[in-house]
Amino acid sequence: MPLARVSPRICALQPSVSVTLAALGRLHHLAACTRWCVQQVPQLANTALPVLADSWSATEADLARLDSAAVDMVVASVPYRMEAVAAILKHGRPVLALAPRSLAEIDADTRLLASLVNAQTRGDALISQMHAALAQVRERCAGASMARVYLEEWGKPLIHSQPWVYELAAACGAHAVGKPGSQTTAEEVAAADPDGMVLAWCGAGDRVPLRRVAEQRGWQKLRCVRAGRVWCVPDEFLNTPAIPSLLDGLACLSAAIHPEIFARPERLRQIAQAAAPGGHSERPTRSAAAAAEA
């Protein structure tokens with residue numbers, strides 16, 4: 001099938017693609033997407049676009065729905081599952097498979113998507129916005145003490161966050177313990193004795209049960225747990241490799257790592273320093289304005 005060069009109709013199999021197209025002002029190129037795309041891009045909520053499984057779960061039957069959607073190309077991104085990749089390739093449409101690991105590679109993917117939809121100027125502006133935000137955070141953290149943090153992407157098994165999250169944490173003046181993207185154990189994390197923890201479980205939004213997790217893993221006596229330095233960042237802010245999402249992730253990480261410097265974003269959740277009798281309380285979310293006044 002020849003690829004349309006002027007106005008390609010794109011099937012996005014991960015929200016990072018839809019989020020980036022929205023930021024580029026090119027959502028009209030979207031011909032199909034996933035439910036995660038709809039959740040993260042409000043403009044898609046009331047559209048009639050076909051909603052498919054993503055590049056982790058897609059099947060041949062799922063992709064067969066594209067036959068009536070006039071799709072020119074499929075754009076997928078991490079995470080992948082081999083069975084889904086096989087189904088995507090077997091379907092026969094042109095496929096752009098993105099697999100970023102670093103912030104530089106996310107920049108490159110942004111440029112590539114921008115070139116596909118003739119939005120190079122907006123793409124460059126988006127990348128510049130990210131670089132400016134990183135520079136501003138680095139400058140504000142320059143005089144702060146270096147913190148050691150544990151960053152978690154998944155809880156069963158325990159998996160460290162991806163390399164780009166480690167880069168965001170470094171911009172906030174923190175050293176992330178462990179190897180990005182690798183499995184670890186509760187015992188290894190306890191032995192590292194980090195100054196803080198940030199949990200962002202794939203698919204969990206901002207609903208990680210921080211107090212229960214600490215209790216189940218035997219972390220109650222760790223310094224960071226006793227001091228309340230355990231945070232939940234919404235999954236999509238750290239695990240979606242798209243610049244608009246990561247800007248929110250950077251704001252959350254900077255406030256979690258250096259709450260004395262940065263205002264607390266509204267969706268950043270913090271563990272309670274002590275559970276209420278008979279329950280597992282956690283500090284309520286505060287608005288950024290309220291955090292700034294505290």
# chains A, B, ... in the order shown; residues from 1 in each chain; ligands from 1
call {"tool": "select_by_dssp", "arguments": {"residues": "stretch 58-141 of chain A", "states": "strand (DSSP E or B)", "output": "PyMOL selection string"}}
result
chain A and resi 73-76+95-97
call {"tool": "select_by_dssp", "arguments": {"residues": "stretch 11-198 of chain A", "states": "helix (DSSP H, G or I)", "output": "VMD selection string"}}
result
chain A and resid 15 to 23 27 to 29 35 to 40 42 to 44 60 to 68 82 to 91 103 to 116 120 to 141 163 to 171 186 to 192
call {"tool": "atom_distance", "arguments": {"atom1": "atom CA of A:Trp164", "atom2": "atom CA of A:Pro180"}}
result
8.7 Å
call {"tool": "atom_distance", "arguments": {"atom1": "atom CA of A:Gln162", "atom2": "atom CA of A:Ile106"}}
result
12.3 Å
call {"tool": "closest_atom_pairs", "arguments": {"of": "stretch 162-244 of chain A", "to": "stretch 61-77 of chain A", "cutoff": "12 Å", "atoms": "only C-alpha atoms", "output": "JSON lines"}}
result
{"residue": "A:Asn239", "atom": "CA", "partner": "A:Ser77", "partner_atom": "CA", "distance": 11.5}
{"residue": "A:Thr240", "atom": "CA", "partner": "A:Ser77", "partner_atom": "CA", "distance": 9.5}
{"residue": "A:Pro241", "atom": "CA", "partner": "A:Ser77", "partner_atom": "CA", "distance": 8.7}
{"residue": "A:Ala242", "atom": "CA", "partner": "A:Ser77", "partner_atom": "CA", "distance": 10.4}
call {"tool": "residues_around", "arguments": {"residues": "stretch 20-23 of chain A", "least_positions_apart": "4", "cutoff": "8 Å", "atoms": "only C-alpha atoms", "output": "ChimeraX atom specification"}}
result
/A:16,27,41,110,113-114,126,242-244
call {"tool": "closest_residue", "arguments": {"among": "A:Pro265, A:Gly196, A:Pro42, A:Gly181", "to": "A:Val230", "atoms": "only C-alpha atoms"}}
result
A:Gly196
call {"tool": "closest_residue", "arguments": {"among": "A:Ala174, A:Ala256, A:Val165, A:Ala132", "to": "A:Asp235", "atoms": "only C-alpha atoms"}}
result
A:Val165
call {"tool": "residues_around", "arguments": {"residues": "A:Pro234", "least_positions_apart": "4", "cutoff": "9 Å", "atoms": "only C-alpha atoms", "output": "short mmCIF file (atom, residue, chain, number, x, y, z; two decimals) with N, CA and C atoms, in the first residue's frame"}}
result
data_model
loop_
_atom_site.label_atom_id
_atom_site.label_comp_id
_atom_site.auth_asym_id
_atom_site.auth_seq_id
_atom_site.Cartn_x
_atom_site.Cartn_y
_atom_site.Cartn_z
N LEU A 199 6.95 6.13 42.76
CA LEU A 199 6.32 4.97 42.13
C LEU A 199 5.34 5.46 41.07
N ALA A 200 5.45 4.90 39.87
CA ALA A 200 4.55 5.24 38.76
C ALA A 200 4.27 3.95 38.00
N TRP A 201 3.24 3.22 38.41
CA TRP A 201 2.96 1.92 37.82
C TRP A 201 2.21 2.05 36.51
N CYS A 202 2.66 1.34 35.50
CA CYS A 202 2.01 1.35 34.19
C CYS A 202 0.54 0.96 34.32
N ALA A 204 -1.75 2.31 36.13
CA ALA A 204 -2.38 2.56 37.43
C ALA A 204 -2.77 4.01 37.64
N GLY A 205 -2.45 4.88 36.70
CA GLY A 205 -2.75 6.29 36.90
C GLY A 205 -2.03 6.80 38.13
N ASP A 206 -2.79 7.42 39.05
CA ASP A 206 -2.19 7.91 40.30
C ASP A 206 -2.71 7.12 41.50
N ARG A 207 -3.02 5.83 41.27
CA ARG A 207 -3.70 5.03 42.29
C ARG A 207 -2.78 3.99 42.95
N VAL A 208 -1.49 4.18 42.96
CA VAL A 208 -0.60 3.26 43.65
C VAL A 208 -0.84 3.38 45.16
N LEU A 238 5.22 9.81 33.42
CA LEU A 238 6.58 9.30 33.34
C LEU A 238 6.75 8.19 32.32
N ASN A 239 5.72 7.38 32.11
CA ASN A 239 5.86 6.20 31.25
C ASN A 239 5.42 6.43 29.82
N GLY A 249 5.64 15.18 34.13
CA GLY A 249 6.45 14.30 34.95
C GLY A 249 7.62 15.02 35.59
N CYS A 252 6.42 16.95 38.57
CA CYS A 252 6.16 16.09 39.72
C CYS A 252 7.46 15.62 40.36
N ARG A 267 -1.66 16.49 41.11
CA ARG A 267 -1.82 15.03 41.06
C ARG A 267 -0.65 14.26 41.66
N LEU A 268 0.29 14.96 42.26
CA LEU A 268 1.39 14.28 42.93
C LEU A 268 0.93 13.85 44.32
N ARG A 269 0.95 12.53 44.59
CA ARG A 269 0.48 12.00 45.87
C ARG A 269 1.65 11.59 46.74
#
call {"tool": "atom_distance", "arguments": {"atom1": "atom CA of A:Gly123", "atom2": "atom CA of A:Ala99"}}
result
18.3 Å
call {"tool": "decode", "arguments": {"residues": "stretch 150-206 of chain A", "atoms": "C-alpha atoms", "output": "PDB file, in the first residue's frame"}}
result
ATOM      1  CA  TYR A 150      14.296   4.805  43.892  1.00  0.00           C
ATOM      2  CA  LEU A 151      12.155   5.059  40.740  1.00  0.00           C
ATOM      3  CA  GLU A 152       9.638   2.274  40.096  1.00  0.00           C
ATOM      4  CA  GLU A 153       7.676   1.545  36.916  1.00  0.00           C
ATOM      5  CA  TRP A 154       6.013  -1.688  37.996  1.00  0.00           C
ATOM      6  CA  GLY A 155       5.375  -3.479  41.279  1.00  0.00           C
ATOM      7  CA  LYS A 156       4.956  -7.188  40.422  1.00  0.00           C
ATOM      8  CA  PRO A 157       7.814  -7.812  39.824  1.00  0.00           C
ATOM      9  CA  LEU A 158       9.555  -4.643  40.935  1.00  0.00           C
ATOM     10  CA  ILE A 159      10.943  -2.881  37.856  1.00  0.00           C
ATOM     11  CA  HIS A 160      13.030   0.283  37.796  1.00  0.00           C
ATOM     12  CA  SER A 161      11.765   3.160  35.646  1.00  0.00           C
ATOM     13  CA  GLN A 162      12.981   3.733  32.098  1.00  0.00           C
ATOM     14  CA  PRO A 163      16.220   5.577  31.221  1.00  0.00           C
ATOM     15  CA  TRP A 164      14.449   8.816  30.303  1.00  0.00           C
ATOM     16  CA  VAL A 165      12.944   8.965  33.823  1.00  0.00           C
ATOM     17  CA  TYR A 166      16.451   8.628  35.265  1.00  0.00           C
ATOM     18  CA  GLU A 167      17.480  11.592  33.098  1.00  0.00           C
ATOM     19  CA  LEU A 168      14.573  13.662  34.391  1.00  0.00           C
ATOM     20  CA  ALA A 169      15.544  12.811  37.972  1.00  0.00           C
ATOM     21  CA  ALA A 170      19.161  13.789  37.266  1.00  0.00           C
ATOM     22  CA  ALA A 171      17.961  17.184  36.045  1.00  0.00           C
ATOM     23  CA  CYS A 172      16.287  17.540  39.453  1.00  0.00           C
ATOM     24  CA  GLY A 173      19.601  16.958  41.202  1.00  0.00           C
ATOM     25  CA  ALA A 174      19.013  13.307  42.088  1.00  0.00           C
ATOM     26  CA  HIS A 175      20.850  10.036  41.590  1.00  0.00           C
ATOM     27  CA  ALA A 176      18.474   7.171  40.810  1.00  0.00           C
ATOM     28  CA  VAL A 177      19.568   3.853  42.328  1.00  0.00           C
ATOM     29  CA  GLY A 178      19.638   0.663  40.285  1.00  0.00           C
ATOM     30  CA  LYS A 179      19.722   0.017  36.546  1.00  0.00           C
ATOM     31  CA  PRO A 180      16.976   1.619  34.419  1.00  0.00           C
ATOM     32  CA  GLY A 181      14.334  -0.826  33.210  1.00  0.00           C
ATOM     33  CA  SER A 182      15.732  -3.769  35.197  1.00  0.00           C
ATOM     34  CA  GLN A 183      14.036  -5.957  37.778  1.00  0.00           C
ATOM     35  CA  THR A 184      14.891  -5.578  41.437  1.00  0.00           C
ATOM     36  CA  THR A 185      13.632  -6.833  44.793  1.00  0.00           C
ATOM     37  CA  ALA A 186      12.240  -5.227  47.930  1.00  0.00           C
ATOM     38  CA  GLU A 187      15.380  -6.365  49.763  1.00  0.00           C
ATOM     39  CA  GLU A 188      17.716  -4.712  47.244  1.00  0.00           C
ATOM     40  CA  VAL A 189      15.792  -1.449  47.460  1.00  0.00           C
ATOM     41  CA  ALA A 190      15.878  -1.553  51.262  1.00  0.00           C
ATOM     42  CA  ALA A 191      19.635  -2.184  51.178  1.00  0.00           C
ATOM     43  CA  ALA A 192      20.105   0.887  48.962  1.00  0.00           C
ATOM     44  CA  ASP A 193      18.317   2.969  51.634  1.00  0.00           C
ATOM     45  CA  PRO A 194      17.260   5.760  49.225  1.00  0.00           C
ATOM     46  CA  ASP A 195      16.415   9.273  50.368  1.00  0.00           C
ATOM     47  CA  GLY A 196      13.104   9.078  48.523  1.00  0.00           C
ATOM     48  CA  MET A 197      10.921   6.852  46.362  1.00  0.00           C
ATOM     49  CA  VAL A 198       8.773   7.622  43.320  1.00  0.00           C
ATOM     50  CA  LEU A 199       6.316   4.975  42.130  1.00  0.00           C
ATOM     51  CA  ALA A 200       4.548   5.236  38.760  1.00  0.00           C
ATOM     52  CA  TRP A 201       2.960   1.919  37.822  1.00  0.00           C
ATOM     53  CA  CYS A 202       2.007   1.353  34.195  1.00  0.00           C
ATOM     54  CA  GLY A 203      -1.757   1.549  33.803  1.00  0.00           C
ATOM     55  CA  ALA A 204      -2.383   2.557  37.425  1.00  0.00           C
ATOM     56  CA  GLY A 205      -2.753   6.289  36.904  1.00  0.00           C
ATOM     57  CA  ASP A 206      -2.190   7.909  40.300  1.00  0.00           C
TER      58      ASP A 206
END
